[in-house]
Amino acid sequence: MSIRKLTFSFSGGEVTPEFWGQIGDSKYQSGLAACRNVIVLPHGPLANRPGTAFVRACKTVAKKARLIPFTYSTTQTMVLEVGDQYIRFHTQGATLESSPGVAYEITTPYLEADLFDLHYVQSADVLTICHPGYAPRELKRLGALSWTLTAITFVPSLTTPGTPTVVPTGAGSTVYNYVVTSVGATGLEESSASASGSGAGNVLVTGQYMTITWASTGAARYNVYKQSNGLYGYIGQTDGLTFKDDNITANLGKTPPIVNDPFNATSKYPGAVSYFEQRRCFAGSINEPQNLRMTRSGTESNLTYSIPARDDDSINIRVAAREANTIRHIVPLQNLVLLTGSAEWRVTSVNSDAITPTSVSVKPQSYIGANNVQPLIVNNNIIYAASRGGHLREMAFNYQAGGYITGDMSLRAPHLFDGYDIADMSYAKAPIPLIWAVSTSGKLIGVTYVPEQQIGAVHRHDTAGTFESCCVVAEGNEDALYVVVGRNINGTDTRYVERMASRRFETPTRAFFVDNGATYDGAPATAISGLNWLEGETVSILGDGAVFPSTGGNCGRYHAGTALQQSASGSSHHGREMENTAFCTN
């Protein structure tokens with residue numbers, strides 16, 4: 001007996017064949033038996049996936065490359081092609097060139113085997129990159145064709161003053177010891193303390209004082225500290241090179257900073273990085289896998305601290321867990337969330353609104369674990385790949401539970417995830433909220449994700465090749481998906497950077513539904529040259545909205561007289577044909 005069901009929408013996405021017939025489940029009622037190269041729209045309909053436009057062949061086609069987004073203004077973005085010891089730059093479907101035909105690039109120390117374990121975070125024009133096998137670095141954009149990649153220095157950049165000279169105004173036998181530090185223009189950075197300068201006198205006598213002098217270091221200001229009960233306490237600040245102590249009481253609540261550089265060796269390099277509450281955070285080194293370090297408040301790389309501890313000191317805590325597991329990700333939400341290979345943790349403040357060295361609290365939230373793919377933040381939710389099993393999970397705060405709880409986003413489509421791992425992820429906000437995940441199966445997994453409407457529709461995408469990396473950047477009013485695709489062209493394995501076309505087009509002549517394609521827009525022509533990346537492939541042609549017969553053979557060798565049918569206007573798209581499949585479960 002056949003069973004008929006009423007399908008209200010397709011917002012359930014593709015479901016596993018094991019789930020067919022579960023007519024009592026609401027997600028089955030809106031699910032699809034297959035959703036291949038078709039995107040589920042948030043309000044229920046389906047749309048065939050746009051094609052991908054060829055951008056450029058990877059520099060080293062025999063080795064993998066990874067795509068990383070870089071945003072330096074609300075209207076200007078870059079896609080970084082990070083390959084074996086190089087970075088190239090792409091934007092608006094084109095490659096940044098230092099001269100015509102020559103791609104601009106910079107060298108890096110990162111080897112192919114380590115590319116997908118790089119973790120990064122961006123602030124303004126600076127991208128911080130971390131990996132346990134390399135010193136943490138900053139990629140800085142100084143200009144359109146001026147990029148630098150430099151190791152981060154974690155000691156204060158200000159010069160430490162020399163030993164101060166101490167001269168009394170009168171007689172006395174009491175010895176007074178002083179140290180001086182340099183202070184930056186913002187007041188947030190302070191050098192280490194100078195060597196101690198001493199002088200004998202008696203500041204208790206009216207009119208007598210100690211004069212402390214030192215040589216200039218070029219600093220905006222200087223702090224002066226006096227020894228009292230074994231510690232040096234703050235007694236004042238000056239923008240000059242001399243200071244008078246006429247019996248000023250030392251403030252032992254403010255002492256000179258103690259310089260700390262914990263990332264000075266290979267086994268100490270951090271593997272995770274992020275920002276939280278005006279601090280840059282690092283974690284996941286080989287020697288200290290469960291340690292979290294946060295810079296001084298308001299600074300990028302100042303890890304100094306004081307005795308006794310101050311609220312703006314750097315923070316160093318060790319997560320005391322049941323299992324010794326490396327902190328793989330630092331995710332900033334309303335609270336700071338740490339993802340390890342076996343658990344999820346929440347970092348909060350116990351006694352104040354802001355985290356300080358004396359108010360840090362670390363509590364476990366769940367025991368699932370994440371793999372090494374950098375997680376996504378969607379609304380106020382965390383999307384991450386499970387450490388084992390290959391599934392996607394979402395993590396969000398739950399008021400009833402009083403903490404964060406996780407859920408399996410792959411529950412009804414395990415056939416697309418079981419036996420594979422997630423290799424890369426990215427998120428597009430507009431025009432459709434889409435999570436894109438590259439599977440080790442070579443497929444691109446899409447999830448139409450609207451958590452407030454409980455929509456998490458899974459769909460799968462393939463091409464004549466394998467997807468290896470993905471990245472999303474804002475370009476105009478839409479978010480553009482870039483992918484690295486491994487293809488076999490004319491019998492040779494190669495890798496291309498490709499950009500998914502927009503599905504918003506005014507006329508059918510602008511429709512783009514071929515993969516690894518290109519557009520010719522100009523005078524009518526019967527021959528097109530320069531399609532060398534399609535050498536030996538069968539090419540599908542769309543001209544002015546009409547489908548033309550495919551061409552095979554030496555498609556990259558168009559010379560005068562070679563037949564290539566075009567429309568009268570001369571506008572056409574050429575590329576690999578893409579198949580679309582979508583059908584219901586009933």
# chains A, B, ... in the order shown; residues from 1 in each chain; ligands from 1

$ select_by_dssp --residues "stretch 260-377 of chain A" --states "strand (DSSP E)" --output "ChimeraX atom specification"
/A:272-276,279-283,291-294,315-318,327-332,336-340,344-349,360-366,376-377

$ write_last_selection --atoms "C-alpha atoms" --output "short mmCIF file (atom, residue, chain, number, x, y, z; two decimals), in the first residue's frame"
data_model
loop_
_atom_site.label_atom_id
_atom_site.label_comp_id
_atom_site.auth_asym_id
_atom_site.auth_seq_id
_atom_site.Cartn_x
_atom_site.Cartn_y
_atom_site.Cartn_z
CA ALA A 272 44.63 28.59 19.16
CA VAL A 273 44.01 32.35 19.16
CA SER A 274 41.12 34.79 19.58
CA TYR A 275 40.09 38.08 21.22
CA PHE A 276 37.96 38.57 24.32
CA ARG A 279 42.63 40.96 25.34
CA ARG A 280 44.27 38.70 22.76
CA CYS A 281 44.04 35.08 23.90
CA PHE A 282 46.35 32.15 23.17
CA ALA A 283 46.17 28.47 24.08
CA ASN A 291 46.82 26.56 29.48
CA LEU A 292 44.98 29.73 28.44
CA ARG A 293 46.93 32.98 28.31
CA MET A 294 45.39 36.42 27.83
CA ILE A 315 46.07 36.08 32.68
CA ASN A 316 47.49 32.56 32.77
CA ILE A 317 45.21 29.70 33.82
CA ARG A 318 45.33 25.95 33.42
CA ILE A 327 42.64 23.43 23.84
CA ARG A 328 41.93 23.54 20.12
CA HIS A 329 39.69 26.59 19.84
CA ILE A 330 38.95 29.81 21.72
CA VAL A 331 35.50 31.15 20.85
CA PRO A 332 34.32 34.58 22.09
CA LEU A 336 34.61 32.77 26.49
CA VAL A 337 34.22 29.17 25.27
CA LEU A 338 37.11 26.72 25.03
CA LEU A 339 36.83 23.66 22.80
CA THR A 340 39.18 20.74 23.42
CA GLU A 344 33.68 22.13 25.97
CA TRP A 345 34.40 24.70 28.70
CA ARG A 346 33.01 28.09 29.66
CA VAL A 347 35.31 30.79 31.06
CA THR A 348 33.56 33.45 33.16
CA SER A 349 34.25 35.98 35.88
CA VAL A 360 38.53 33.58 36.48
CA SER A 361 36.16 30.63 36.64
CA VAL A 362 36.32 27.66 34.24
CA LYS A 363 33.39 25.24 34.12
CA PRO A 364 32.73 22.22 31.87
CA GLN A 365 29.67 22.43 29.63
CA SER A 366 29.66 19.11 27.80
CA LEU A 376 31.92 29.26 13.17
CA ILE A 377 29.87 31.79 15.11
#

$ residues_around --residues "A:His131" --least-positions-apart "2" --cutoff "10 Å" --atoms "only C-alpha atoms" --output "CSV table (one decimal) with C-alpha atoms, in the first residue's frame"
chain,number,residue,atom,x,y,z
A,110,TYR,CA,53.9,27.1,6.5
A,114,ASP,CA,50.2,22.1,8.4
A,115,LEU,CA,47.9,24.3,6.3
A,116,PHE,CA,44.6,23.0,7.7
A,117,ASP,CA,45.8,23.2,11.3
A,118,LEU,CA,46.4,27.0,11.1
A,119,HIS,CA,44.1,29.0,13.4
A,120,TYR,CA,43.6,32.7,12.9
A,129,ILE,CA,48.0,33.1,12.7
A,133,GLY,CA,54.8,24.1,15.1
A,134,TYR,CA,55.4,27.7,14.2
A,135,ALA,CA,56.0,31.0,16.1
A,136,PRO,CA,52.7,33.0,16.1
A,137,ARG,CA,52.7,35.6,13.4
A,266,THR,CA,58.9,25.4,19.3
A,269,TYR,CA,54.0,27.9,20.4
A,270,PRO,CA,50.2,28.3,20.8
A,271,GLY,CA,47.8,26.5,18.5
A,272,ALA,CA,44.6,28.6,19.2
A,273,VAL,CA,44.0,32.4,19.2
A,284,GLY,CA,47.0,24.9,23.0
A,285,SER,CA,50.8,24.7,23.0

$ closest_residue --among "A:Ile87, A:Val61, A:Cys471, A:Ala33" --to "A:Gly13" --atoms "only C-alpha atoms"
A:Ala33

$ closest_atom_pairs --of "stretch 248-343 of chain A" --to "stretch 229-243 of chain A" --cutoff "8 Å" --atoms "only C-alpha atoms" --output "Markdown table"
| residue | atom | partner | partner_atom | distance |
| --- | --- | --- | --- | --- |
| A:Ile248 | CA | A:Ile235 | CA | 6.2 |
| A:Thr249 | CA | A:Ile235 | CA | 6.7 |
| A:Ala250 | CA | A:Gly233 | CA | 4.6 |
| A:Asn251 | CA | A:Gly233 | CA | 4.6 |
| A:Leu252 | CA | A:Gly233 | CA | 4.2 |
| A:Gly253 | CA | A:Gly233 | CA | 7.0 |
| A:Lys254 | CA | A:Tyr234 | CA | 5.7 |
| A:Thr255 | CA | A:Gly233 | CA | 5.0 |
| A:Pro256 | CA | A:Tyr232 | CA | 7.0 |

$ atom_distance --atom1 "atom CA of A:Arg141" --atom2 "atom CA of A:Ala124"
9.4 Å

$ closest_residue --among "A:Ala401, A:Leu204, A:Ala546, A:Leu149" --to "A:Ala171" --atoms "only C-alpha atoms"
A:Leu204

$ atom_distance --atom1 "atom CA of A:Gln290" --atom2 "atom CA of A:Gly341"
10.8 Å

$ residues_around --residues "A:Gly207" --least-positions-apart "5" --cutoff "9 Å" --atoms "only C-alpha atoms" --output "CSV table (one decimal) with N, CA and C atoms, in the first residue's frame"
chain,number,residue,atom,x,y,z
A,169,THR,N,69.4,65.6,49.2
A,169,THR,CA,69.6,67.1,49.4
A,169,THR,C,70.3,67.4,50.7
A,170,GLY,N,70.3,66.4,51.6
A,170,GLY,CA,70.9,66.6,52.9
A,170,GLY,C,71.5,65.4,53.4
A,246,ASP,N,60.0,63.4,48.2
A,246,ASP,CA,60.0,64.1,49.5
A,246,ASP,C,59.1,63.4,50.5

$ residues_around --residues "A:Val373" --least-positions-apart "4" --cutoff "7 Å" --atoms "only C-alpha atoms" --output "ChimeraX atom specification"
/A:385,423-424

$ write_last_selection --atoms "all heavy atoms" --output "mmCIF file, in the first residue's frame"
data_model
loop_
_atom_site.group_PDB
_atom_site.id
_atom_site.type_symbol
_atom_site.label_atom_id
_atom_site.label_comp_id
_atom_site.auth_asym_id
_atom_site.auth_seq_id
_atom_site.Cartn_x
_atom_site.Cartn_y
_atom_site.Cartn_z
ATOM 1 N N ALA A 385 32.884 21.062 14.282
ATOM 2 C CA ALA A 385 32.937 19.665 13.854
ATOM 3 C C ALA A 385 33.364 18.801 15.031
ATOM 4 O O ALA A 385 34.314 19.126 15.747
ATOM 5 C CB ALA A 385 33.915 19.505 12.696
ATOM 6 N N ALA A 423 36.694 18.906 6.818
ATOM 7 C CA ALA A 423 38.045 19.403 6.577
ATOM 8 C C ALA A 423 38.138 20.919 6.618
ATOM 9 O O ALA A 423 39.205 21.477 6.863
ATOM 10 C CB ALA A 423 38.564 18.902 5.232
ATOM 11 N N ASP A 424 37.019 21.618 6.354
ATOM 12 C CA ASP A 424 37.032 23.076 6.334
ATOM 13 C C ASP A 424 35.591 23.558 6.442
ATOM 14 O O ASP A 424 34.656 22.842 6.044
ATOM 15 C CB ASP A 424 37.677 23.599 5.049
ATOM 16 C CG ASP A 424 38.281 24.982 5.208
ATOM 17 O OD1 ASP A 424 38.162 25.565 6.310
ATOM 18 O OD2 ASP A 424 38.869 25.501 4.240
#

$ atom_distance --atom1 "atom CA of A:Cys35" --atom2 "atom CA of A:His391"
18.2 Å

$ closest_residue --among "A:Leu139, A:Val224, A:Ser198, A:Ser352" --to "A:Val180" --atoms "only C-alpha atoms"
A:Val224

$ residues_around --residues "A:Ala47" --least-positions-apart "6" --cutoff "7 Å" --atoms "only C-alpha atoms" --output "ChimeraX atom specification"
/A:38-40

$ residues_around --residues "A:Ser550" --least-positions-apart "6" --cutoff "8 Å" --atoms "only C-alpha atoms" --output "list in words"
Thr538, Val539, Ser540 and Ile541 of chain A

$ write_last_selection --atoms "all heavy atoms" --output "PDB file, in the first residue's frame"
ATOM      1  N   THR A 538      35.018  18.458 -22.107  1.00  0.00           N
ATOM      2  CA  THR A 538      33.770  18.801 -22.767  1.00  0.00           C
ATOM      3  C   THR A 538      33.191  20.039 -22.104  1.00  0.00           C
ATOM      4  O   THR A 538      33.052  20.097 -20.888  1.00  0.00           O
ATOM      5  CB  THR A 538      32.761  17.649 -22.666  1.00  0.00           C
ATOM      6  OG1 THR A 538      33.310  16.516 -23.333  1.00  0.00           O
ATOM      7  CG2 THR A 538      31.444  18.025 -23.307  1.00  0.00           C
ATOM      8  N   VAL A 539      32.862  21.031 -22.912  1.00  0.00           N
ATOM      9  CA  VAL A 539      32.429  22.321 -22.388  1.00  0.00           C
ATOM     10  C   VAL A 539      30.965  22.555 -22.715  1.00  0.00           C
ATOM     11  O   VAL A 539      30.533  22.355 -23.853  1.00  0.00           O
ATOM     12  CB  VAL A 539      33.294  23.463 -22.972  1.00  0.00           C
ATOM     13  CG1 VAL A 539      32.741  24.821 -22.563  1.00  0.00           C
ATOM     14  CG2 VAL A 539      34.728  23.327 -22.513  1.00  0.00           C
ATOM     15  N   SER A 540      30.202  22.971 -21.710  1.00  0.00           N
ATOM     16  CA  SER A 540      28.806  23.362 -21.924  1.00  0.00           C
ATOM     17  C   SER A 540      28.752  24.860 -22.166  1.00  0.00           C
ATOM     18  O   SER A 540      29.496  25.624 -21.544  1.00  0.00           O
ATOM     19  CB  SER A 540      27.965  22.995 -20.707  1.00  0.00           C
ATOM     20  OG  SER A 540      27.994  21.601 -20.492  1.00  0.00           O
ATOM     21  N   ILE A 541      27.867  25.277 -23.036  1.00  0.00           N
ATOM     22  CA  ILE A 541      27.820  26.681 -23.444  1.00  0.00           C
ATOM     23  C   ILE A 541      26.417  27.231 -23.258  1.00  0.00           C
ATOM     24  O   ILE A 541      25.434  26.608 -23.674  1.00  0.00           O
ATOM     25  CB  ILE A 541      28.234  26.847 -24.916  1.00  0.00           C
ATOM     26  CG1 ILE A 541      29.601  26.200 -25.163  1.00  0.00           C
ATOM     27  CG2 ILE A 541      28.261  28.310 -25.315  1.00  0.00           C
ATOM     28  CD1 ILE A 541      29.981  26.117 -26.624  1.00  0.00           C
TER      29      ILE A 541
END
